[in-house]
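Q: I'd like to ask some things about the structure below.
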Amino acid sequence: RIRRLVPDQNKFRELLRIVKYWAKIRGLYSNVVGYLGGVNWAVLVARVCQMYPNAALSVLLRRFFMVWAQWEWPKPVLLCKMPAYSLFVSTPLEQVFKMQWNPLTSVRAKQAFMPLITPVFPCLNSTHNVSKSTLRVL
């Protein structure tokens, strides 16, 4: 789903490969220990590709680091609009919809340091393991 949300899939794929390599050699590629995993890096790369759809790969790489260094965390990163919860309250899948990331109704969502929201339903914060200290390192 993430690839379908970017304007140029080839640039997205190449930029993601470069960023993942950078993260791995710096020990930042591990969501288990509070850093970011593959989906997380893909969301960040995809958002930069959306922001600069006509940029060359070298420009995208520079902008990737610039955008995320200046981002006002904990402002969430979304690749597309989330479905409105109120539309689904009466469905039999109510429990699934309650899982959807919503800082207005969830204490855990409010406390997220670096919310990266997945673009598939239910939209979830894929960086729930990121802490204040690992965010500073990133």
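Naming scheme: A, B, ... for chains in displayed order of the structure tokens; residues 1 onward per chain; ligands 1 onward as shown.
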Do a neighbour search on Leu135 in chain A at 9 Å with only C-alpha atoms, toss out local chain neighbours closer than 2 positions, and write the hits as a PyMOL selection string.
A: chain A and resi 34-35+113-114+130-133+137-138
Q: Please provide as a PyMOL selection string all residues within 12 Å of range 66-77 of chain A, with the sequence filter that same-chain residues fewer than 6 positions apart are discarded (counting only C-alpha atoms).
A: chain A and resi 40-52+59-60+101-103+109-119+123-128+130-132+135-138
Q: Within 9 Å of Met82 in chain A, counting only C-alpha atoms, which residues qualify if same-chain residues fewer than 4 places away don't, as an MDAnalysis selection string?
A: chainID A and resid 78 100 119:123
Q: Find, counting only C-alpha atoms, the residue in A:Val39, A:Val32, A:Ala55, A:Leu79 that gets nearest to Asp8 in chain A.
A: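 Looking at the shortest contact to Asp8 in chain A, the residue is A:Ala55.
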Q: Could you please write out, as a ChimeraX atom specification, every residue of chain A that DSSP assigns to helix (DSSP H, G or I)?
A: /A:3-5,9-25,31-33,38-51,57-70,85-88,94-99,107-110,132-137
Q: From a backbone DSSP assignment, name each residue in chain A labelled strand (DSSP E or B), as a list in words.
A: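 Taking chain A and keeping strand (DSSP E or B) only, one gets Tyr29, Leu36, Val77, Leu116, Ile117 and Asn125 of chain A.
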Q: Could you list, as a compact mmCIF listing (two decimals) with N, CA and C atoms, in the first residue's frame, every residue within 12 Å of Trp22 in chain A, counting only C-alpha atoms and ignoring same-chain residues fewer than 4 positions away?
A:
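Below you can see result.txt, which holds the result:
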# COMPACT_ATOMS: atom_id res chain seq x y z
N LEU A 15 15.57 5.41 -2.71
CA LEU A 15 15.78 6.21 -1.50
C LEU A 15 15.62 5.33 -0.26
N LEU A 16 14.64 4.47 -0.26
CA LEU A 16 14.44 3.58 0.89
C LEU A 16 15.64 2.66 1.07
N ARG A 17 16.17 2.15 -0.01
CA ARG A 17 17.36 1.28 0.07
C ARG A 17 18.53 2.02 0.70
N ILE A 18 18.74 3.27 0.28
CA ILE A 18 19.84 4.09 0.80
C ILE A 18 19.63 4.39 2.28
N ARG A 26 24.52 2.45 11.20
CA ARG A 26 24.56 3.27 12.42
C ARG A 26 23.84 2.63 13.60
N GLY A 27 23.34 1.42 13.41
CA GLY A 27 22.66 0.71 14.49
C GLY A 27 21.29 1.27 14.83
N LEU A 28 20.66 1.93 13.88
CA LEU A 28 19.35 2.56 14.11
C LEU A 28 18.21 1.78 13.47
N TYR A 29 18.49 0.61 12.94
CA TYR A 29 17.49 -0.19 12.24
C TYR A 29 17.04 -1.32 13.15
N TRP A 41 10.75 3.18 8.35
CA TRP A 41 11.60 3.90 7.40
C TRP A 41 10.85 4.12 6.09
N LEU A 61 17.27 12.66 -0.90
CA LEU A 61 18.09 12.18 0.23
C LEU A 61 18.42 13.33 1.17
N PHE A 65 16.72 13.95 5.35
CA PHE A 65 17.35 14.28 6.64
C PHE A 65 16.93 15.65 7.14
N LEU A 138 17.80 9.41 17.14
CA LEU A 138 17.42 9.45 15.73
C LEU A 138 17.57 10.85 15.19
Q: Could you tell me how far CA of Ile25 in chain A lies from CA of Arg13 in chain A, in Å and to one decimal?
A: 18.6 Å
Q: Go through A:Val33, A:Gly38, A:Ser58, A:Val6 and flag the residue nearest Lys20 in chain A, using only C-alpha atoms for the distances.
A: A:Gly38
Q: What separation in Å, quoted to one decimal, exists between CA of Lys11 in chain A and CA of Ser30 in chain A?
A: 23.6 Å
Q: What does the structure give for the distance between CA of Arg1 in chain A and CA of Phe64 in chain A, in Å to one decimal?
A: 20.4 Å
